[in-house]
Amino acid sequence: MHKTYLTMDIRNLKNIKKHIFFCNGEACSLNGAAEVTKAIRQEIKKQGLHGCIHTTKTLCNSRCHDAAIVIVYPNNEWYKNMHPSDAQDFVQNVIINDKGFHKLLYKQGEDTIHSQSTITV
Ligand code: FES
């Protein structure tokens with residue numbers, strides 16, 4: 001049976017180039033995650049990229065000491081200590097130019113975790 005959703009957008013997934021995850025868990029929220037999320041989403045829209053960049057708020061991503069965390073796929077890049085004032089440089093360097101950003105915590109293919117707060121188990 002076909003369902004009709006009157007209030008939901010139908011997104012063309014073929015246009016999505018990157019997926020940005022904004023940690024909005026407790027620690028990240030205490031470190032401005034809502035403001036980071038809003039600022040980066042506004043910058044994505046301002047740059048006309050909202051049709052090809054998908055964004056999602058998440059619960060805790062287990063890097064609370066590095067809050068606020070932003071994760072970029074398919075790059076598998078994790079960014080730490082994000083602040084709303086980072087939005088413009090982040091969108092320009094990470095999303096548009098694929099050059100990375102100075103708040104890099106981890107990038108797939110690199111051995112280094114760029115953080116003082118490594119977690120031991
Ligand atoms: S709340 Fe964001 S990593 Fe834990």
# chains A, B, ... in the order shown; residues from 1 in each chain; ligands from 1

call {"tool": "residues_near_ligand", "arguments": {"ligand": "ligand 1", "cutoff": "12 Å", "atoms": "only C-alpha atoms and all ligand atoms", "output": "ChimeraX atom specification"}}
result
/A:21-34,57-71,78-82,105,117,119

call {"tool": "write_last_selection", "arguments": {"atoms": "N, CA and C atoms", "output": "CSV table (one decimal), in the first residue's frame"}}
result
chain,number,residue,atom,x,y,z
A,21,PHE,N,27.0,15.4,10.2
A,21,PHE,CA,26.4,15.0,11.5
A,21,PHE,C,26.8,15.9,12.6
A,22,PHE,N,25.8,16.5,13.2
A,22,PHE,CA,26.1,17.5,14.3
A,22,PHE,C,25.7,16.7,15.6
A,23,CYS,N,26.8,16.5,16.4
A,23,CYS,CA,26.5,15.8,17.7
A,23,CYS,C,25.7,16.8,18.6
A,24,ASN,N,24.5,16.4,19.0
A,24,ASN,CA,23.7,17.2,19.9
A,24,ASN,C,23.5,16.5,21.2
A,25,GLY,N,24.4,15.6,21.6
A,25,GLY,CA,24.4,14.9,22.9
A,25,GLY,C,24.6,15.9,24.0
A,26,GLU,N,24.6,15.4,25.2
A,26,GLU,CA,24.6,16.3,26.4
A,26,GLU,C,25.8,17.2,26.5
A,27,ALA,N,27.0,16.6,26.3
A,27,ALA,CA,28.2,17.4,26.5
A,27,ALA,C,28.3,18.4,25.3
A,28,CYS,N,28.0,18.0,24.1
A,28,CYS,CA,28.1,18.9,23.0
A,28,CYS,C,27.1,20.0,23.1
A,29,SER,N,25.9,19.6,23.6
A,29,SER,CA,24.9,20.7,23.8
A,29,SER,C,25.3,21.7,24.8
A,30,LEU,N,26.0,21.3,25.9
A,30,LEU,CA,26.5,22.2,26.9
A,30,LEU,C,27.7,23.1,26.3
A,31,ASN,N,28.2,22.6,25.2
A,31,ASN,CA,29.3,23.4,24.5
A,31,ASN,C,28.8,24.0,23.2
A,32,GLY,N,27.5,24.3,23.1
A,32,GLY,CA,27.1,25.1,22.0
A,32,GLY,C,26.6,24.4,20.7
A,33,ALA,N,26.3,23.1,20.8
A,33,ALA,CA,26.0,22.3,19.7
A,33,ALA,C,24.8,22.9,18.9
A,34,ALA,N,23.8,23.3,19.6
A,34,ALA,CA,22.6,23.9,18.9
A,34,ALA,C,23.0,25.1,18.0
A,57,LYS,N,21.2,15.9,13.1
A,57,LYS,CA,21.6,16.1,14.5
A,57,LYS,C,21.6,14.6,15.1
A,58,THR,N,22.6,14.4,15.9
A,58,THR,CA,22.7,13.0,16.5
A,58,THR,C,22.7,13.1,18.1
A,59,LEU,N,22.7,12.0,18.7
A,59,LEU,CA,22.9,11.9,20.1
A,59,LEU,C,24.5,11.8,20.3
A,60,CYS,N,24.9,11.4,21.5
A,60,CYS,CA,26.3,11.4,21.8
A,60,CYS,C,27.1,10.5,20.8
A,61,ASN,N,28.3,10.9,20.4
A,61,ASN,CA,29.2,10.2,19.5
A,61,ASN,C,30.4,9.7,20.3
A,62,SER,N,30.4,9.7,21.6
A,62,SER,CA,31.5,9.2,22.5
A,62,SER,C,32.8,9.9,22.3
A,63,ARG,N,32.8,11.2,22.1
A,63,ARG,CA,34.0,12.0,22.1
A,63,ARG,C,33.6,13.3,22.9
A,64,CYS,N,33.0,13.1,24.0
A,64,CYS,CA,32.5,14.3,24.8
A,64,CYS,C,33.6,15.3,25.2
A,65,HIS,N,34.8,14.8,25.4
A,65,HIS,CA,35.9,15.7,25.8
A,65,HIS,C,36.2,16.6,24.7
A,66,ASP,N,35.8,16.3,23.5
A,66,ASP,CA,36.1,17.2,22.3
A,66,ASP,C,34.9,18.0,21.9
A,67,ALA,N,33.9,18.1,22.7
A,67,ALA,CA,32.7,18.8,22.3
A,67,ALA,C,32.9,20.2,21.9
A,68,ALA,N,32.2,20.7,21.0
A,68,ALA,CA,31.2,20.1,20.2
A,68,ALA,C,31.7,19.4,18.9
A,69,ILE,N,31.2,18.3,18.7
A,69,ILE,CA,31.7,17.4,17.6
A,69,ILE,C,30.8,17.6,16.3
A,70,VAL,N,31.5,17.7,15.2
A,70,VAL,CA,30.8,17.7,13.9
A,70,VAL,C,31.6,16.6,13.0
A,71,ILE,N,30.8,15.7,12.3
A,71,ILE,CA,31.3,14.6,11.6
A,71,ILE,C,30.9,14.8,10.1
A,78,TRP,N,36.3,13.9,11.5
A,78,TRP,CA,35.6,14.3,12.7
A,78,TRP,C,36.3,15.6,13.1
A,79,TYR,N,35.5,16.6,13.5
A,79,TYR,CA,36.0,17.9,13.9
A,79,TYR,C,35.6,18.2,15.4
A,80,LYS,N,36.5,18.8,16.1
A,80,LYS,CA,36.3,19.0,17.6
A,80,LYS,C,36.2,20.4,17.9
A,81,ASN,N,35.7,20.7,19.2
A,81,ASN,CA,35.6,22.0,19.7
A,81,ASN,C,35.0,23.0,18.8
A,82,MET,N,34.0,22.6,18.0
A,82,MET,CA,33.4,23.5,17.1
A,82,MET,C,32.6,24.6,17.7
A,105,LEU,N,39.8,16.4,14.2
A,105,LEU,CA,40.1,15.4,15.3
A,105,LEU,C,40.6,14.1,14.7
A,117,SER,N,42.6,14.6,24.4
A,117,SER,CA,41.7,13.9,25.2
A,117,SER,C,41.4,12.5,24.7
A,119,ILE,N,40.7,8.6,24.6
A,119,ILE,CA,40.0,7.8,25.6
A,119,ILE,C,40.6,6.4,25.7

call {"tool": "residues_around", "arguments": {"residues": "A:Glu43", "least_positions_apart": "3", "cutoff": "10 Å", "atoms": "only C-alpha atoms", "output": "PyMOL selection string"}}
result
chain A and resi 38-40+46-50+87-92

call {"tool": "residues_around", "arguments": {"residues": "A:Lys18", "least_positions_apart": "5", "cutoff": "10 Å", "atoms": "only C-alpha atoms", "output": "list of chain:residue names"}}
result
A:Cys52, A:Ile53, A:His54, A:Thr55, A:Val72, A:Tyr73, A:Pro74, A:Asn75, A:Ile95

call {"tool": "select_by_dssp", "arguments": {"residues": "stretch 4-74 of chain A", "states": "strand (DSSP E)", "output": "VMD selection string"}}
result
chain A and resid 18 to 23 53 to 58 70 to 73

call {"tool": "decode", "arguments": {"residues": "stretch 58-78 of chain A", "atoms": "N, CA, C and O atoms", "output": "PDB file, in the first residue's frame"}}
result
ATOM      1  N   THR A  58      22.608  14.371  15.920  1.00  0.00           N
ATOM      2  CA  THR A  58      22.720  13.047  16.526  1.00  0.00           C
ATOM      3  C   THR A  58      22.748  13.141  18.052  1.00  0.00           C
ATOM      4  O   THR A  58      22.914  14.229  18.608  1.00  0.00           O
ATOM      5  N   LEU A  59      22.654  12.001  18.676  1.00  0.00           N
ATOM      6  CA  LEU A  59      22.933  11.892  20.108  1.00  0.00           C
ATOM      7  C   LEU A  59      24.451  11.751  20.269  1.00  0.00           C
ATOM      8  O   LEU A  59      25.194  11.927  19.316  1.00  0.00           O
ATOM      9  N   CYS A  60      24.903  11.398  21.469  1.00  0.00           N
ATOM     10  CA  CYS A  60      26.337  11.361  21.780  1.00  0.00           C
ATOM     11  C   CYS A  60      27.115  10.451  20.832  1.00  0.00           C
ATOM     12  O   CYS A  60      26.682   9.343  20.511  1.00  0.00           O
ATOM     13  N   ASN A  61      28.298  10.946  20.408  1.00  0.00           N
ATOM     14  CA  ASN A  61      29.190  10.180  19.544  1.00  0.00           C
ATOM     15  C   ASN A  61      30.449   9.710  20.281  1.00  0.00           C
ATOM     16  O   ASN A  61      31.463   9.387  19.656  1.00  0.00           O
ATOM     17  N   SER A  62      30.405   9.711  21.602  1.00  0.00           N
ATOM     18  CA  SER A  62      31.472   9.156  22.451  1.00  0.00           C
ATOM     19  C   SER A  62      32.807   9.886  22.336  1.00  0.00           C
ATOM     20  O   SER A  62      33.876   9.286  22.508  1.00  0.00           O
ATOM     21  N   ARG A  63      32.778  11.172  22.055  1.00  0.00           N
ATOM     22  CA  ARG A  63      33.969  12.020  22.103  1.00  0.00           C
ATOM     23  C   ARG A  63      33.643  13.295  22.869  1.00  0.00           C
ATOM     24  O   ARG A  63      34.002  14.411  22.452  1.00  0.00           O
ATOM     25  N   CYS A  64      33.002  13.120  24.015  1.00  0.00           N
ATOM     26  CA  CYS A  64      32.479  14.251  24.792  1.00  0.00           C
ATOM     27  C   CYS A  64      33.566  15.259  25.181  1.00  0.00           C
ATOM     28  O   CYS A  64      33.293  16.456  25.259  1.00  0.00           O
ATOM     29  N   HIS A  65      34.790  14.784  25.431  1.00  0.00           N
ATOM     30  CA  HIS A  65      35.862  15.701  25.827  1.00  0.00           C
ATOM     31  C   HIS A  65      36.248  16.649  24.692  1.00  0.00           C
ATOM     32  O   HIS A  65      36.958  17.621  24.921  1.00  0.00           O
ATOM     33  N   ASP A  66      35.820  16.345  23.495  1.00  0.00           N
ATOM     34  CA  ASP A  66      36.136  17.182  22.336  1.00  0.00           C
ATOM     35  C   ASP A  66      34.940  18.001  21.872  1.00  0.00           C
ATOM     36  O   ASP A  66      34.940  18.542  20.769  1.00  0.00           O
ATOM     37  N   ALA A  67      33.914  18.078  22.688  1.00  0.00           N
ATOM     38  CA  ALA A  67      32.674  18.776  22.323  1.00  0.00           C
ATOM     39  C   ALA A  67      32.948  20.236  21.937  1.00  0.00           C
ATOM     40  O   ALA A  67      33.823  20.866  22.509  1.00  0.00           O
ATOM     41  N   ALA A  68      32.231  20.718  20.967  1.00  0.00           N
ATOM     42  CA  ALA A  68      31.153  20.124  20.200  1.00  0.00           C
ATOM     43  C   ALA A  68      31.704  19.444  18.935  1.00  0.00           C
ATOM     44  O   ALA A  68      32.546  20.011  18.240  1.00  0.00           O
ATOM     45  N   ILE A  69      31.206  18.258  18.672  1.00  0.00           N
ATOM     46  CA  ILE A  69      31.693  17.408  17.585  1.00  0.00           C
ATOM     47  C   ILE A  69      30.838  17.587  16.325  1.00  0.00           C
ATOM     48  O   ILE A  69      29.610  17.625  16.406  1.00  0.00           O
ATOM     49  N   VAL A  70      31.521  17.652  15.163  1.00  0.00           N
ATOM     50  CA  VAL A  70      30.849  17.655  13.855  1.00  0.00           C
ATOM     51  C   VAL A  70      31.553  16.600  12.998  1.00  0.00           C
ATOM     52  O   VAL A  70      32.787  16.558  12.943  1.00  0.00           O
ATOM     53  N   ILE A  71      30.779  15.747  12.336  1.00  0.00           N
ATOM     54  CA  ILE A  71      31.318  14.619  11.562  1.00  0.00           C
ATOM     55  C   ILE A  71      30.873  14.759  10.105  1.00  0.00           C
ATOM     56  O   ILE A  71      29.715  15.085   9.846  1.00  0.00           O
ATOM     57  N   VAL A  72      31.806  14.504   9.185  1.00  0.00           N
ATOM     58  CA  VAL A  72      31.523  14.676   7.759  1.00  0.00           C
ATOM     59  C   VAL A  72      31.718  13.348   7.027  1.00  0.00           C
ATOM     60  O   VAL A  72      32.798  12.740   7.107  1.00  0.00           O
ATOM     61  N   TYR A  73      30.699  12.914   6.337  1.00  0.00           N
ATOM     62  CA  TYR A  73      30.771  11.724   5.479  1.00  0.00           C
ATOM     63  C   TYR A  73      30.484  12.133   4.040  1.00  0.00           C
ATOM     64  O   TYR A  73      29.748  13.081   3.830  1.00  0.00           O
ATOM     65  N   PRO A  74      31.078  11.461   3.034  1.00  0.00           N
ATOM     66  CA  PRO A  74      31.755  10.171   3.138  1.00  0.00           C
ATOM     67  C   PRO A  74      33.208  10.263   3.563  1.00  0.00           C
ATOM     68  O   PRO A  74      33.876   9.226   3.637  1.00  0.00           O
ATOM     69  N   ASN A  75      33.729  11.449   3.857  1.00  0.00           N
ATOM     70  CA  ASN A  75      35.135  11.617   4.199  1.00  0.00           C
ATOM     71  C   ASN A  75      35.534  10.907   5.492  1.00  0.00           C
ATOM     72  O   ASN A  75      36.701  10.630   5.689  1.00  0.00           O
ATOM     73  N   ASN A  76      34.568  10.656   6.386  1.00  0.00           N
ATOM     74  CA  ASN A  76      34.860  10.163   7.736  1.00  0.00           C
ATOM     75  C   ASN A  76      35.863  11.076   8.412  1.00  0.00           C
ATOM     76  O   ASN A  76      36.917  10.657   8.868  1.00  0.00           O
ATOM     77  N   GLU A  77      35.533  12.372   8.434  1.00  0.00           N
ATOM     78  CA  GLU A  77      36.328  13.376   9.129  1.00  0.00           C
ATOM     79  C   GLU A  77      35.544  13.827  10.355  1.00  0.00           C
ATOM     80  O   GLU A  77      34.357  14.128  10.251  1.00  0.00           O
ATOM     81  N   TRP A  78      36.251  13.875  11.482  1.00  0.00           N
ATOM     82  CA  TRP A  78      35.633  14.304  12.732  1.00  0.00           C
ATOM     83  C   TRP A  78      36.281  15.624  13.143  1.00  0.00           C
ATOM     84  O   TRP A  78      37.510  15.730  13.166  1.00  0.00           O
TER      85      TRP A  78
END
